[in-house]
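Shown below: run_3.csv, with CSV, C-alpha atoms.
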chain,number,residue,atom,x,y,z
A,275,MET,CA,0.0,0.0,0.0
A,276,PHE,CA,3.0,2.4,0.4
A,277,PHE,CA,4.0,1.8,-3.2
A,278,ASP,CA,0.7,1.3,-4.9
A,279,LYS,CA,0.5,4.8,-6.5
A,280,LYS,CA,3.6,3.9,-8.6
A,281,ILE,CA,5.7,7.0,-7.9
A,282,SER,CA,8.9,5.5,-9.4
A,283,PHE,CA,11.8,6.7,-11.4
A,284,PHE,CA,14.4,4.4,-13.0
A,285,GLN,CA,17.9,5.6,-13.8
A,286,LEU,CA,16.8,9.2,-13.1
A,287,GLU,CA,19.0,11.9,-14.5
A,288,ALA,CA,19.8,14.5,-11.9
A,289,ASN,CA,22.7,16.9,-11.5
A,290,ASP,CA,22.4,17.3,-7.8
A,291,ARG,CA,20.4,16.3,-4.7
A,292,ASN,CA,17.8,19.0,-5.1
A,293,GLU,CA,17.1,18.2,-8.7
A,294,ALA,CA,16.4,14.6,-7.7
A,295,LEU,CA,14.3,15.6,-4.7
A,296,LYS,CA,12.3,18.0,-6.9
A,297,GLU,CA,11.4,15.2,-9.4
A,298,LEU,CA,10.1,12.9,-6.7
A,299,ALA,CA,8.2,15.5,-4.8
A,300,ALA,CA,6.6,16.9,-8.0
A,301,LYS,CA,5.3,13.5,-8.9
A,302,LEU,CA,3.9,13.0,-5.4
A,303,TYR,CA,2.3,16.4,-5.6
A,304,SER,CA,0.8,15.9,-9.1
A,305,SER,CA,-0.7,12.6,-7.9
A,306,ASN,CA,-2.4,14.5,-5.0
A,307,LEU,CA,-0.5,12.5,-2.3
A,308,VAL,CA,1.2,15.5,-0.7
A,309,THR,CA,0.4,19.2,-0.3
A,310,GLU,CA,2.2,22.0,-2.1
A,311,ALA,CA,4.3,22.7,0.9
A,312,PHE,CA,5.8,19.2,0.8
A,313,TYR,CA,8.7,19.9,-1.5
A,314,ASN,CA,10.0,22.9,0.6
A,315,GLY,CA,9.4,20.8,3.7
A,316,ILE,CA,11.7,18.1,2.3
A,317,LEU,CA,14.4,20.6,1.4
A,318,GLU,CA,14.3,22.3,4.8
A,319,ARG,CA,14.4,19.0,6.6
A,320,GLU,CA,17.2,17.7,4.5
A,321,GLU,CA,19.2,20.8,5.3
A,322,LYS,CA,18.6,20.5,9.1
A,323,PHE,CA,18.4,16.7,9.4
A,324,PRO,CA,20.1,15.1,6.4
A,325,THR,CA,19.0,11.6,5.5
A,326,GLY,CA,21.9,10.1,3.5
A,327,LEU,CA,22.9,6.6,4.7
A,328,SER,CA,26.3,5.1,3.9
A,329,VAL,CA,25.3,1.6,3.1
A,330,VAL,CA,27.0,-1.0,0.8
A,331,PRO,CA,27.2,-1.1,-2.2
A,332,TYR,CA,25.2,2.1,-2.9
A,333,GLY,CA,24.4,5.0,-0.7
A,334,ILE,CA,20.7,5.5,0.0
A,335,ALA,CA,18.7,8.6,1.1
A,336,ILE,CA,15.4,8.6,2.8
A,337,PRO,CA,14.2,12.2,2.6
A,338,HIS,CA,11.0,13.0,4.5
A,339,THR,CA,9.1,15.8,6.3
A,340,GLU,CA,6.3,16.4,8.7
A,341,ALA,CA,3.1,14.5,8.4
A,342,ASP,CA,0.9,17.6,8.0
A,343,LYS,CA,2.3,18.0,4.4
A,344,VAL,CA,1.2,14.5,3.5
A,345,ILE,CA,-2.3,13.6,2.2
A,346,THR,CA,-1.9,9.9,1.6
A,347,ALA,CA,1.0,7.9,2.9
A,348,GLN,CA,3.2,6.8,0.1
A,349,ILE,CA,6.8,6.1,-0.8
A,350,ALA,CA,8.4,7.5,-4.0
A,351,PHE,CA,11.3,5.5,-5.3
A,352,ALA,CA,14.2,6.6,-7.6
A,353,SER,CA,17.3,4.9,-8.9
A,354,LEU,CA,19.8,7.5,-10.3
A,355,ASN,CA,21.9,7.0,-13.4
A,356,LYS,CA,24.8,8.7,-11.6
A,357,PRO,CA,25.1,9.3,-7.8
A,358,VAL,CA,24.3,12.6,-6.2
A,359,LYS,CA,25.8,13.9,-2.9
A,360,PHE,CA,23.7,13.9,0.2
A,361,TYR,CA,24.8,14.8,3.7
A,362,MET,CA,24.9,11.8,6.1
A,363,MET,CA,22.3,11.3,8.7
A,364,GLY,CA,23.6,12.0,12.2
A,365,LYS,CA,27.1,13.2,11.0
A,366,GLU,CA,28.6,16.6,10.8
A,367,ASN,CA,29.2,17.7,7.2
A,368,GLU,CA,30.0,14.3,5.9
A,369,GLU,CA,28.7,13.5,2.4
A,370,VAL,CA,27.7,10.2,0.8
A,371,ASP,CA,27.2,9.3,-2.9
A,372,VAL,CA,23.6,8.3,-3.1
A,373,SER,CA,22.2,6.1,-5.9
A,374,LEU,CA,18.9,5.1,-4.5
A,375,ILE,CA,16.2,7.4,-3.0
A,376,PHE,CA,13.2,6.4,-1.0
A,377,MET,CA,11.2,9.5,-0.4
A,378,LEU,CA,8.9,8.9,2.6
A,379,ALA,CA,5.5,10.6,2.6
A,380,LEU,CA,4.4,9.4,6.0
A,381,LYS,CA,1.5,10.0,8.3
A,382,LYS,CA,1.2,8.4,11.8
A,383,ALA,CA,4.1,6.5,13.2
A,384,GLU,CA,2.0,3.6,14.5
A,385,ASP,CA,0.6,2.7,11.0
A,386,GLN,CA,3.9,2.5,9.3
A,387,ILE,CA,6.2,0.6,11.7
A,388,THR,CA,6.1,-2.7,9.8
A,389,MET,CA,6.8,-1.0,6.5
A,390,LEU,CA,9.7,1.0,7.9
A,391,GLN,CA,11.2,-2.1,9.5
A,392,LYS,CA,11.0,-3.9,6.2
A,393,LEU,CA,12.5,-1.0,4.4
A,394,VAL,CA,15.5,-1.0,6.7
A,395,GLU,CA,16.0,-4.7,6.2
A,396,ILE,CA,16.6,-3.8,2.5
A,397,PHE,CA,19.3,-1.3,3.5
A,398,GLN,CA,21.2,-4.0,5.3
A,399,ASP,CA,21.1,-6.4,2.4
A,400,VAL,CA,23.7,-6.0,-0.3
A,401,SER,CA,22.0,-8.1,-2.9
A,402,LEU,CA,18.6,-6.5,-2.4
A,403,ILE,CA,20.2,-3.0,-2.8
A,404,ARG,CA,21.8,-4.2,-6.0
A,405,GLU,CA,18.4,-5.4,-7.2
A,406,PHE,CA,16.7,-2.1,-6.5
A,407,ALA,CA,19.6,-0.3,-8.2
A,408,ASN,CA,19.4,-2.5,-11.3
A,409,CYS,CA,15.7,-2.7,-11.8
A,410,LYS,CA,14.6,-1.1,-15.0
A,411,ASN,CA,10.9,-0.7,-14.9
A,412,GLN,CA,7.8,-0.7,-12.7
A,413,LYS,CA,7.2,-4.4,-13.2
A,414,GLU,CA,10.7,-5.4,-12.0
A,415,LEU,CA,10.3,-3.0,-9.1
A,416,GLU,CA,7.0,-4.6,-8.1
A,417,GLY,CA,8.6,-8.0,-8.3
A,418,ILE,CA,11.3,-7.0,-5.7
A,419,LEU,CA,8.8,-5.2,-3.5
A,420,LEU,CA,6.6,-8.3,-3.5
A,421,LYS,CA,9.6,-10.4,-2.5
A,422,VAL,CA,10.4,-8.3,0.5
A,423,GLY,CA,6.8,-7.9,1.5
A,424,LEU,CA,6.5,-4.3,0.7
A,425,GLU,CA,3.9,-4.2,-2.1
B,268,MET,CA,13.1,1.5,35.6
B,269,LYS,CA,15.3,3.7,33.4
B,270,LYS,CA,13.9,6.2,31.0
B,271,LEU,CA,15.1,5.7,27.4
B,272,LEU,CA,14.5,8.4,24.8
B,273,ILE,CA,14.6,7.6,21.1
B,274,MET,CA,14.5,10.7,19.0
B,275,CYS,CA,14.9,11.9,15.4
B,276,GLY,CA,14.1,15.0,13.4
B,277,THR,CA,10.4,14.4,12.8
B,278,GLY,CA,9.6,11.9,15.5
B,279,ILE,CA,7.8,9.6,13.0
B,280,ALA,CA,10.3,8.0,10.6
B,281,THR,CA,13.7,6.9,11.8
B,282,SER,CA,12.8,7.0,15.5
B,283,THR,CA,10.0,4.6,14.7
B,284,ILE,CA,12.5,2.2,13.1
B,285,VAL,CA,15.0,2.5,16.0
B,286,THR,CA,12.2,2.0,18.5
B,287,GLY,CA,11.2,-1.2,16.8
B,288,LYS,CA,14.8,-2.5,16.7
B,289,VAL,CA,15.5,-1.5,20.4
B,290,LYS,CA,12.3,-3.2,21.6
B,291,THR,CA,13.2,-6.4,19.8
B,292,TRP,CA,16.7,-6.3,21.2
B,293,LEU,CA,15.4,-5.6,24.8
B,294,ALA,CA,13.1,-8.6,24.6
B,295,GLU,CA,15.9,-10.9,23.2
B,296,ASN,CA,18.2,-9.8,26.1
B,297,GLY,CA,15.6,-10.0,28.8
B,298,LEU,CA,15.9,-6.3,29.5
B,299,GLU,CA,12.4,-5.2,28.6
B,300,ASN,CA,11.4,-4.6,32.2
B,301,LYS,CA,14.4,-2.4,32.9
B,302,VAL,CA,13.5,0.5,30.6
B,303,ARG,CA,10.5,2.6,29.6
B,304,ILE,CA,10.8,3.9,26.0
B,305,TYR,CA,9.9,7.4,24.9
B,306,GLN,CA,9.8,8.3,21.2
B,307,SER,CA,10.0,11.9,20.1
B,308,LYS,CA,11.5,14.6,17.9
B,309,ILE,CA,14.6,16.4,18.9
B,310,SER,CA,13.1,19.9,19.0
B,311,GLU,CA,10.7,18.9,21.8
B,312,GLU,CA,13.4,17.2,23.9
B,313,LEU,CA,16.4,19.4,24.0
B,314,SER,CA,15.2,21.4,26.9
B,315,ARG,CA,14.4,18.4,29.0
B,316,ILE,CA,17.1,16.0,27.9
B,317,ASN,CA,18.3,15.4,31.5
B,318,ASP,CA,14.9,13.9,32.4
B,319,TYR,CA,16.1,10.8,30.6
B,320,ASP,CA,18.7,8.2,31.7
B,321,ILE,CA,19.6,7.0,28.2
B,322,VAL,CA,19.2,8.9,24.9
B,323,ILE,CA,19.5,7.5,21.3
B,324,SER,CA,19.3,9.9,18.4
B,325,THR,CA,19.5,9.5,14.6
B,326,THR,CA,20.2,13.2,14.1
B,327,LEU,CA,23.1,15.3,15.1
B,328,VAL,CA,22.8,16.8,18.6
B,329,PRO,CA,24.3,20.0,20.0
B,330,ASP,CA,27.8,19.7,21.4
B,331,ARG,CA,26.6,20.4,25.0
B,332,ILE,CA,24.7,17.1,25.1
B,333,LYS,CA,26.9,15.0,22.8
B,334,GLU,CA,28.4,13.1,25.7
B,335,LYS,CA,25.0,11.8,26.7
B,336,VAL,CA,23.6,10.7,23.4
B,337,ILE,CA,24.1,7.4,21.6
B,338,ASP,CA,24.1,7.5,17.8
B,339,GLY,CA,21.2,5.4,16.5
B,340,VAL,CA,22.1,5.4,12.8
B,341,PRO,CA,23.9,2.0,13.1
B,342,LEU,CA,20.4,0.5,13.5
B,343,LEU,CA,19.4,1.8,10.1
B,344,THR,CA,22.6,0.8,8.2
B,345,GLY,CA,23.5,-2.3,10.2
B,346,ILE,CA,27.0,-1.0,10.4
B,347,GLY,CA,28.3,-0.8,14.0
B,348,LYS,CA,25.1,-2.2,15.4
B,349,ASP,CA,26.6,-4.5,18.0
B,350,ALA,CA,28.9,-1.8,19.4
B,351,MET,CA,25.9,0.5,19.6
B,352,PHE,CA,23.7,-2.0,21.5
B,353,GLU,CA,26.7,-2.7,23.8
B,354,LYS,CA,26.7,1.0,24.8
B,355,VAL,CA,22.9,0.9,25.5
B,356,LYS,CA,23.3,-2.2,27.5
B,357,GLN,CA,26.0,-0.7,29.7
B,358,GLN,CA,23.8,2.3,30.4
B,359,ILE,CA,20.8,0.2,31.2
B,360,LEU,CA,22.9,-1.9,33.7
B,361,ALA,CA,24.9,1.0,35.1
Would it be possible to restate this file's structure as structure tokens?
Amino acid sequence: MFFDKKISFFQLEANDRNEALKELAAKLYSSNLVTEAFYNGILEREEKFPTGLSVVPYGIAIPHTEADKVITAQIAFASLNKPVKFYMMGKENEEVDVSLIFMLALKKAEDQITMLQKLVEIFQDVSLIREFANCKNQKELEGILLKVGLE
Amino acid sequence: MKKLLIMCGTGIATSTIVTGKVKTWLAENGLENKVRIYQSKISEELSRINDYDIVISTTLVPDRIKEKVIDGVPLLTGIGKDAMFEKVKQQILA
């Protein structure tokens, strides 16, 4: 249910972090899943509380913002054709090359704990990360999501 | 019973993940009766951080409280997870 609106990009072309974030946020907005304030909320949050994670073999970012900018809970996915720099979560001014973005449009914490736990399992699994990075279309993505119980 | 705070920037995303992981770990180690967990966002907690015995955060915290706070990011990446849990355990049993 967190991926059912099919907000996905494969081998997205982006020159920097903000370009990539803009593409994902714009698609969430045009699909009526988030409010107009969502994109700025994402940028502000990323500035204050960066979300880059240094995982193997590709860096991952999980940008997100406050629940009041979300209409329907959803996750937007993007693989990038070349990595963009994100600052690392919990670190001071350390950057990480990010190739996969999971943009979280989240509502209440209680409803999404199972999904978030499964998402994190992916981050800790080298071969799954590779599958997400290599998948070429919506159908392949859905195959992987089904396998990890995240459809 | 010790008070354990788990915080992040929004109080809904990464702190939820960390809370789930910590609960599972507490149960596996028979420590679930030794702590009460609080989940929140950093902006609401900075002024009362000393009310808690143990603090885990996924976001950077101001220098003045750095000593007190355990980095929770290892629970998201898996890297350095055991060392992080060891720190939590020491503080629970301290």
Chain A contacts to chain B at 8 Å (all atoms listed in the file) as an mmCIF file with C-alpha atoms, in the frame of the given file:
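Output below, filename result_28.cif:
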data_model
loop_
_atom_site.group_PDB
_atom_site.id
_atom_site.type_symbol
_atom_site.label_atom_id
_atom_site.label_comp_id
_atom_site.auth_asym_id
_atom_site.auth_seq_id
_atom_site.Cartn_x
_atom_site.Cartn_y
_atom_site.Cartn_z
ATOM 1 C CA ARG A 319 14.400 19.000 6.600
ATOM 2 C CA PHE A 323 18.400 16.700 9.400
ATOM 3 C CA PRO A 324 20.100 15.100 6.400
ATOM 4 C CA LEU A 327 22.900 6.600 4.700
ATOM 5 C CA SER A 328 26.300 5.100 3.900
ATOM 6 C CA VAL A 329 25.300 1.600 3.100
ATOM 7 C CA HIS A 338 11.000 13.000 4.500
ATOM 8 C CA THR A 339 9.100 15.800 6.300
ATOM 9 C CA GLU A 340 6.300 16.400 8.700
ATOM 10 C CA MET A 363 22.300 11.300 8.700
ATOM 11 C CA GLY A 364 23.600 12.000 12.200
ATOM 12 C CA LYS A 365 27.100 13.200 11.000
ATOM 13 C CA GLU A 366 28.600 16.600 10.800
ATOM 14 C CA LEU A 380 4.400 9.400 6.000
ATOM 15 C CA LYS A 381 1.500 10.000 8.300
ATOM 16 C CA LYS A 382 1.200 8.400 11.800
ATOM 17 C CA ALA A 383 4.100 6.500 13.200
ATOM 18 C CA ILE A 387 6.200 0.600 11.700
ATOM 19 C CA LEU A 390 9.700 1.000 7.900
ATOM 20 C CA GLN A 391 11.200 -2.100 9.500
ATOM 21 C CA VAL A 394 15.500 -1.000 6.700
ATOM 22 C CA PHE A 397 19.300 -1.300 3.500
ATOM 23 C CA GLN A 398 21.200 -4.000 5.300
#
Taken to one decimal, the atom CA of A:Lys301-atom CA of A:Thr346 distance is 13.2 Å
- Task: Could you jot down the atom CA of A:Ser304 to atom CA of A:Lys356 separation for me, Å, one decimal place?
- Result: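 Between atom CA of A:Ser304 and atom CA of A:Lys356 the gap is 25.2 Å.
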Next on the checklist: Residues within 12 Å of B:Lys356, please, as an NGL selection string. Count only C-alpha atoms; anything in the same chain fewer than 6 positions from it doesn't count.
Outcome noted: :B and (269 or 271 or 289 or 292-293 or 296-299 or 301-302 or 321 or 337 or 349-350)
Give me the residues within 8 Å of A:Leu302 as a PDB file with C-alpha atoms, in the coordinates of the input, counting only C-alpha atoms and dropping any in the same chain fewer than 4 places off.
ATOM      1  CA  ILE A 281       5.700   7.000  -7.900  1.00  0.00           C
ATOM      2  CA  LEU A 298      10.100  12.900  -6.700  1.00  0.00           C
ATOM      3  CA  ASN A 306      -2.400  14.500  -5.000  1.00  0.00           C
ATOM      4  CA  LEU A 307      -0.500  12.500  -2.300  1.00  0.00           C
ATOM      5  CA  VAL A 308       1.200  15.500  -0.700  1.00  0.00           C
ATOM      6  CA  ALA A 350       8.400   7.500  -4.000  1.00  0.00           C
TER       7      ALA A 350
END
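Here atom CA of A:Met275 stands at a distance of 26.7 Å from atom CA of A:Glu287.
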Dump C-alpha atoms of chain B from the given block, as a JSON list (two decimals), in the first residue's frame.
[["chain", "number", "residue", "atom", "x", "y", "z"],
["B", 268, "MET", "CA", 13.08, 1.52, 35.63],
["B", 269, "LYS", "CA", 15.29, 3.68, 33.39],
["B", 270, "LYS", "CA", 13.89, 6.20, 30.96],
["B", 271, "LEU", "CA", 15.11, 5.67, 27.42],
["B", 272, "LEU", "CA", 14.46, 8.39, 24.84],
["B", 273, "ILE", "CA", 14.63, 7.62, 21.12],
["B", 274, "MET", "CA", 14.53, 10.74, 18.97],
["B", 275, "CYS", "CA", 14.92, 11.90, 15.37],
["B", 276, "GLY", "CA", 14.12, 15.03, 13.36],
["B", 277, "THR", "CA", 10.42, 14.41, 12.79],
["B", 278, "GLY", "CA", 9.59, 11.88, 15.49],
["B", 279, "ILE", "CA", 7.83, 9.64, 12.97],
["B", 280, "ALA", "CA", 10.30, 8.00, 10.61],
["B", 281, "THR", "CA", 13.72, 6.94, 11.80],
["B", 282, "SER", "CA", 12.82, 7.02, 15.49],
["B", 283, "THR", "CA", 10.04, 4.55, 14.68],
["B", 284, "ILE", "CA", 12.53, 2.19, 13.08],
["B", 285, "VAL", "CA", 14.99, 2.52, 15.95],
["B", 286, "THR", "CA", 12.24, 2.02, 18.55],
["B", 287, "GLY", "CA", 11.19, -1.22, 16.84],
["B", 288, "LYS", "CA", 14.76, -2.49, 16.74],
["B", 289, "VAL", "CA", 15.46, -1.55, 20.35],
["B", 290, "LYS", "CA", 12.25, -3.22, 21.58],
["B", 291, "THR", "CA", 13.15, -6.45, 19.82],
["B", 292, "TRP", "CA", 16.68, -6.32, 21.20],
["B", 293, "LEU", "CA", 15.45, -5.61, 24.75],
["B", 294, "ALA", "CA", 13.14, -8.62, 24.59],
["B", 295, "GLU", "CA", 15.89, -10.87, 23.22],
["B", 296, "ASN", "CA", 18.18, -9.83, 26.06],
["B", 297, "GLY", "CA", 15.61, -10.02, 28.84],
["B", 298, "LEU", "CA", 15.92, -6.30, 29.49],
["B", 299, "GLU", "CA", 12.39, -5.18, 28.58],
["B", 300, "ASN", "CA", 11.41, -4.63, 32.20],
["B", 301, "LYS", "CA", 14.38, -2.43, 32.91],
["B", 302, "VAL", "CA", 13.48, 0.50, 30.65],
["B", 303, "ARG", "CA", 10.55, 2.61, 29.61],
["B", 304, "ILE", "CA", 10.82, 3.88, 26.02],
["B", 305, "TYR", "CA", 9.85, 7.38, 24.89],
["B", 306, "GLN", "CA", 9.81, 8.33, 21.20],
["B", 307, "SER", "CA", 9.96, 11.95, 20.12],
["B", 308, "LYS", "CA", 11.47, 14.64, 17.94],
["B", 309, "ILE", "CA", 14.64, 16.44, 18.91],
["B", 310, "SER", "CA", 13.10, 19.94, 18.98],
["B", 311, "GLU", "CA", 10.74, 18.90, 21.76],
["B", 312, "GLU", "CA", 13.36, 17.20, 23.89],
["B", 313, "LEU", "CA", 16.44, 19.41, 23.99],
["B", 314, "SER", "CA", 15.18, 21.43, 26.93],
["B", 315, "ARG", "CA", 14.39, 18.36, 29.04],
["B", 316, "ILE", "CA", 17.07, 15.97, 27.90],
["B", 317, "ASN", "CA", 18.27, 15.45, 31.46],
["B", 318, "ASP", "CA", 14.94, 13.89, 32.38],
["B", 319, "TYR", "CA", 16.11, 10.76, 30.56],
["B", 320, "ASP", "CA", 18.66, 8.20, 31.66],
["B", 321, "ILE", "CA", 19.55, 7.05, 28.16],
["B", 322, "VAL", "CA", 19.16, 8.91, 24.86],
["B", 323, "ILE", "CA", 19.46, 7.46, 21.35],
["B", 324, "SER", "CA", 19.31, 9.88, 18.41],
["B", 325, "THR", "CA", 19.50, 9.47, 14.63],
["B", 326, "THR", "CA", 20.15, 13.18, 14.15],
["B", 327, "LEU", "CA", 23.13, 15.25, 15.13],
["B", 328, "VAL", "CA", 22.75, 16.82, 18.57],
["B", 329, "PRO", "CA", 24.26, 20.04, 19.98],
["B", 330, "ASP", "CA", 27.77, 19.71, 21.42],
["B", 331, "ARG", "CA", 26.64, 20.35, 24.98],
["B", 332, "ILE", "CA", 24.68, 17.07, 25.08],
["B", 333, "LYS", "CA", 26.88, 14.97, 22.78],
["B", 334, "GLU", "CA", 28.39, 13.06, 25.69],
["B", 335, "LYS", "CA", 24.99, 11.81, 26.75],
["B", 336, "VAL", "CA", 23.62, 10.74, 23.38],
["B", 337, "ILE", "CA", 24.12, 7.42, 21.58],
["B", 338, "ASP", "CA", 24.11, 7.50, 17.76],
["B", 339, "GLY", "CA", 21.16, 5.43, 16.47],
["B", 340, "VAL", "CA", 22.13, 5.40, 12.77],
["B", 341, "PRO", "CA", 23.87, 1.98, 13.07],
["B", 342, "LEU", "CA", 20.39, 0.48, 13.50],
["B", 343, "LEU", "CA", 19.42, 1.82, 10.07],
["B", 344, "THR", "CA", 22.56, 0.80, 8.21],
["B", 345, "GLY", "CA", 23.47, -2.28, 10.22],
["B", 346, "ILE", "CA", 27.05, -1.00, 10.39],
["B", 347, "GLY", "CA", 28.33, -0.82, 13.97],
["B", 348, "LYS", "CA", 25.07, -2.18, 15.39],
["B", 349, "ASP", "CA", 26.61, -4.51, 17.99],
["B", 350, "ALA", "CA", 28.85, -1.82, 19.43],
["B", 351, "MET", "CA", 25.89, 0.52, 19.63],
["B", 352, "PHE", "CA", 23.74, -2.02, 21.51],
["B", 353, "GLU", "CA", 26.65, -2.68, 23.85],
["B", 354, "LYS", "CA", 26.66, 1.02, 24.81],
["B", 355, "VAL", "CA", 22.92, 0.91, 25.46],
["B", 356, "LYS", "CA", 23.30, -2.22, 27.54],
["B", 357, "GLN", "CA", 26.03, -0.68, 29.67],
["B", 358, "GLN", "CA", 23.85, 2.33, 30.38],
["B", 359, "ILE", "CA", 20.83, 0.18, 31.23],
["B", 360, "LEU", "CA", 22.86, -1.88, 33.68],
["B", 361, "ALA", "CA", 24.86, 1.05, 35.06]]
